[in-house]
Amino acid sequence: MEKVYDMVIVGAGPAGIAAAVESYLLGIRNILMLEKDENHNATIRKYYKDNKRVDKDWKGQKVELDGNIYFLDGTKETTLDFFDEVIKAHGVELVTHTEVSKIEKSGEIFDVFIAGGSIKAKYVVVTIGRMGKPNKPEYKIPTNIKKRVGYTLDDCSEGEKILVVGGGDSAIEYAVDLSPKNDVSICYRRETFRRANPINQRDIANAIAHSEVRPILGVNISALEDEEGRVRVVYDEIEPEIYDRVIYAIGGTTPSAFLASSGIEEQDGKPVHDDNYETAIEGLFVAGDITQESGGSIALGLNHGYKIACHINEHHS
Ligand SMILES: Cc1cc2nc3c(=O)[nH]c(=O)nc-3n(C[C@H](O)[C@H](O)[C@H](O)COP(=O)(O)OP(=O)(O)OC[C@H]3O[C@@H](n4cnc5c(N)ncnc54)[C@H](O)[C@@H]3O)c2cc1C
């Protein structure tokens with residue numbers, strides 16, 4: 001007979017790891033965590049710059065940890081090491097390079113679809129975050145300059161003239177982080193950074209006041225062009241300018257296609273769930289950033305995972 005896992009977790013970020021580990025601690029076995037990237041925590045790995053400070057109470061939101069994963073302030077590296085140990089210490093099977101495309105329930109059992117087949121499970125927890133698919137600009141990016149246009153700090157080096165596009169927390173963090181070693185401008189279609197958290201608003205105001213970041217506010221971009229291998233940014237309101245690199249931080253969308261194909265109802269861009277993070281499909285849960293419009297955090301994701309584990313444990317036969 002084909003193996004039926006007690007629990008399959010889709011996405012190995014903080015919320016998924018918590019759902020898996022807390023369930024294990026409550027005595028649930030046969031837990032499988034599927035991660036599309038090469039290792040757990042792709043969001044932290046890809047979107048946090050090296051040595052980034054990681055705050056437990058991120059954006060000033062105080063979160064009391066409910067569960068058994070004692071996550072503390074640290075850095076990108078200590079946080080990744082911490083989750084490494086947590087996974088290894090708790091008998092959770094992690095399979096990487098495995099993207100889940102959809103989930104279907106037949107009878108009491110779920111089919112979790114991956115390339116070339118499906119995996120069976122009694123409970124499924126979807127913790128795919130919101131960063132899987134960064135929003136991209138509507139205009140076309142010429143092939144020649146594609147390597148100079150990005151959505152993370154991955155390819156950045158030093159001494160470059162860089163334009164960061166966006167006005168939210170990630171855009172500000174990128175601009176401020178890059179500014180000591182690069183010539184950085186930030187372009188935002190609105191006039192102020194009011195959407196960002198207070199710390200980031202303060203940091204960008206300081207950087208601008210000290211001429212470390214040049215603001216281009218209330219301005220829209222209509223095209224990117226190839227200027228002998230560099231990026232010519234065509235603005236609607238001001239003259240074009242040439243940059244070595246352009247980084248877009250214009251948010252990530254809820255992976256709506258995934259939710260829709262799995263029959264999970266969405267409202268206002270978020271999956272519908274009850275207080276235990278269970279969707280209308282019994283046994284199918286959502287947790288972490290995917291449940292938040294904005295402002296998720298590692299600690300919040302850990303608490304979601306714990307709540308789900310407790311709920312499943314109570315109902316598990
Ligand atoms: C630049 C930046 C800085 C931040 N700084 C902090 C901070 O200091 N402190 C803090 O608490 N929070 C911080 N956050 C927020 C924090 O990273 C998120 O709230 C947290 O990672 C959300 O956890 P999650 O488990 O919901 O999702 P994620 O961490 O996004 O994990 C989702 C995982 O699912 C995988 N996945 C996606 N789709 C699939 C699929 N179809 N199949 C299989 N796997 C899939 C992804 O590859 C990823 O590994 C920051 C975020 C950003 C972008």
# chains A, B, ... in the order shown; residues from 1 in each chain; ligands from 1
>>> select_by_dssp(residues="segment 196-254 of chain A", states="alpha helix (DSSP H)", output="PyMOL selection string")
chain A and resi 198-209
>>> select_by_dssp(residues="segment 28-158 of chain A", states="strand (DSSP E or B)", output="NGL selection string")
:A and (31-34 or 53-54 or 74-75 or 93-95 or 100-106 or 109-114 or 117-126 or 134 or 149-150)
>>> residues_around(residues="segment 219-222 of chain A", least_positions_apart="4", cutoff="10 Å", atoms="only C-alpha atoms", output="PDB file with N, CA, C and O atoms, in the first residue's frame")
ATOM      1  N   PRO A 137       7.783  44.403 -12.641  1.00  0.00           N
ATOM      2  CA  PRO A 137       7.189  45.559 -13.319  1.00  0.00           C
ATOM      3  C   PRO A 137       6.395  45.125 -14.552  1.00  0.00           C
ATOM      4  O   PRO A 137       6.642  44.045 -15.101  1.00  0.00           O
ATOM      5  N   GLU A 138       5.461  45.983 -14.967  1.00  0.00           N
ATOM      6  CA  GLU A 138       4.613  45.611 -16.105  1.00  0.00           C
ATOM      7  C   GLU A 138       5.354  45.743 -17.432  1.00  0.00           C
ATOM      8  O   GLU A 138       5.058  45.046 -18.389  1.00  0.00           O
ATOM      9  N   TYR A 139       6.317  46.682 -17.488  1.00  0.00           N
ATOM     10  CA  TYR A 139       7.047  46.878 -18.748  1.00  0.00           C
ATOM     11  C   TYR A 139       8.084  45.773 -18.931  1.00  0.00           C
ATOM     12  O   TYR A 139       8.499  45.113 -17.969  1.00  0.00           O
ATOM     13  N   LYS A 140       8.526  45.623 -20.170  1.00  0.00           N
ATOM     14  CA  LYS A 140       9.449  44.534 -20.501  1.00  0.00           C
ATOM     15  C   LYS A 140      10.888  44.917 -20.134  1.00  0.00           C
ATOM     16  O   LYS A 140      11.264  46.085 -20.258  1.00  0.00           O
ATOM     17  N   VAL A 165      13.645  50.306  -6.395  1.00  0.00           N
ATOM     18  CA  VAL A 165      12.283  50.738  -6.742  1.00  0.00           C
ATOM     19  C   VAL A 165      11.317  50.176  -5.702  1.00  0.00           C
ATOM     20  O   VAL A 165      11.278  48.964  -5.469  1.00  0.00           O
ATOM     21  N   CYS A 187      13.375  55.017  -5.777  1.00  0.00           N
ATOM     22  CA  CYS A 187      12.273  55.599  -6.545  1.00  0.00           C
ATOM     23  C   CYS A 187      10.960  54.998  -6.060  1.00  0.00           C
ATOM     24  O   CYS A 187      10.804  53.771  -6.012  1.00  0.00           O
ATOM     25  N   TYR A 188      10.048  55.871  -5.687  1.00  0.00           N
ATOM     26  CA  TYR A 188       8.758  55.409  -5.176  1.00  0.00           C
ATOM     27  C   TYR A 188       7.672  56.278  -5.806  1.00  0.00           C
ATOM     28  O   TYR A 188       7.842  57.490  -5.901  1.00  0.00           O
ATOM     29  N   ARG A 189       6.576  55.640  -6.205  1.00  0.00           N
ATOM     30  CA  ARG A 189       5.548  56.420  -6.901  1.00  0.00           C
ATOM     31  C   ARG A 189       4.787  57.355  -5.965  1.00  0.00           C
ATOM     32  O   ARG A 189       4.172  58.316  -6.408  1.00  0.00           O
ATOM     33  N   ARG A 190       4.830  57.075  -4.653  1.00  0.00           N
ATOM     34  CA  ARG A 190       4.184  57.993  -3.706  1.00  0.00           C
ATOM     35  C   ARG A 190       5.191  59.022  -3.194  1.00  0.00           C
ATOM     36  O   ARG A 190       6.392  58.879  -3.393  1.00  0.00           O
ATOM     37  N   GLU A 191       4.665  60.020  -2.455  1.00  0.00           N
ATOM     38  CA  GLU A 191       5.518  61.137  -2.003  1.00  0.00           C
ATOM     39  C   GLU A 191       6.195  60.847  -0.666  1.00  0.00           C
ATOM     40  O   GLU A 191       7.141  61.527  -0.294  1.00  0.00           O
ATOM     41  N   PRO A 215      16.396  60.427  -2.783  1.00  0.00           N
ATOM     42  CA  PRO A 215      14.989  60.064  -2.995  1.00  0.00           C
ATOM     43  C   PRO A 215      14.475  60.546  -4.350  1.00  0.00           C
ATOM     44  O   PRO A 215      14.785  61.664  -4.776  1.00  0.00           O
ATOM     45  N   VAL A 233      16.864  54.137 -17.133  1.00  0.00           N
ATOM     46  CA  VAL A 233      15.528  54.139 -16.549  1.00  0.00           C
ATOM     47  C   VAL A 233      14.761  55.344 -17.091  1.00  0.00           C
ATOM     48  O   VAL A 233      15.197  56.491 -16.950  1.00  0.00           O
ATOM     49  N   VAL A 234      13.639  55.055 -17.737  1.00  0.00           N
ATOM     50  CA  VAL A 234      12.820  56.127 -18.328  1.00  0.00           C
ATOM     51  C   VAL A 234      11.683  56.436 -17.354  1.00  0.00           C
ATOM     52  O   VAL A 234      10.863  55.567 -17.031  1.00  0.00           O
ATOM     53  N   TYR A 235      11.700  57.660 -16.844  1.00  0.00           N
ATOM     54  CA  TYR A 235      10.669  58.080 -15.891  1.00  0.00           C
ATOM     55  C   TYR A 235       9.562  58.841 -16.621  1.00  0.00           C
ATOM     56  O   TYR A 235       9.800  59.452 -17.666  1.00  0.00           O
ATOM     57  N   ASP A 236       8.358  58.809 -16.041  1.00  0.00           N
ATOM     58  CA  ASP A 236       7.259  59.591 -16.617  1.00  0.00           C
ATOM     59  C   ASP A 236       7.447  61.082 -16.357  1.00  0.00           C
ATOM     60  O   ASP A 236       7.165  61.910 -17.207  1.00  0.00           O
ATOM     61  N   GLU A 237       7.888  61.413 -15.156  1.00  0.00           N
ATOM     62  CA  GLU A 237       7.852  62.810 -14.731  1.00  0.00           C
ATOM     63  C   GLU A 237       9.177  63.535 -14.845  1.00  0.00           C
ATOM     64  O   GLU A 237       9.212  64.763 -14.842  1.00  0.00           O
ATOM     65  N   ILE A 238      10.290  62.800 -14.883  1.00  0.00           N
ATOM     66  CA  ILE A 238      11.605  63.454 -14.909  1.00  0.00           C
ATOM     67  C   ILE A 238      12.468  62.844 -16.021  1.00  0.00           C
ATOM     68  O   ILE A 238      12.072  61.870 -16.652  1.00  0.00           O
ATOM     69  N   PRO A 240      15.350  60.773 -18.042  1.00  0.00           N
ATOM     70  CA  PRO A 240      15.882  59.417 -17.815  1.00  0.00           C
ATOM     71  C   PRO A 240      17.244  59.461 -17.121  1.00  0.00           C
ATOM     72  O   PRO A 240      17.933  60.474 -17.180  1.00  0.00           O
TER      73      PRO A 240
END
>>> closest_residue(among="A:Asp169, A:Glu93, A:Glu22, A:Asp50", to="Thr75 of chain A", atoms="only C-alpha atoms")
A:Asp50
>>> closest_atom_pairs(of="segment 30-49 of chain A", to="segment 79-88 of chain A", cutoff="8 Å", atoms="only C-alpha atoms", output="tab-separated table")
residue	atom	partner	partner_atom	distance
A:Asn41	CA	A:Leu80	CA	7.4
A:Ile44	CA	A:Leu80	CA	7.7
A:Arg45	CA	A:Leu80	CA	7.7
>>> closest_residue(among="A:Ala171, A:Ile141, A:Val176, A:Ala249", to="Leu224 of chain A", atoms="only C-alpha atoms")
A:Ile141
>>> residues_near_ligand(ligand="ligand 1", cutoff="7 Å", atoms="only C-alpha atoms and all ligand atoms", output="MDAnalysis selection string")
chainID A and resid 10:16 34:37 40:44 47:48 53:58 98:101 127:132 170 173 287:290 295:299 301
>>> atom_distance(atom1="atom CA of Gln292 of chain A", atom2="atom CA of Leu65 of chain A")
17.7 Å
>>> closest_residue(among="A:Lys3, A:Ile172, A:Asn68, A:Ile103", to="Leu26 of chain A", atoms="only C-alpha atoms")
A:Asn68
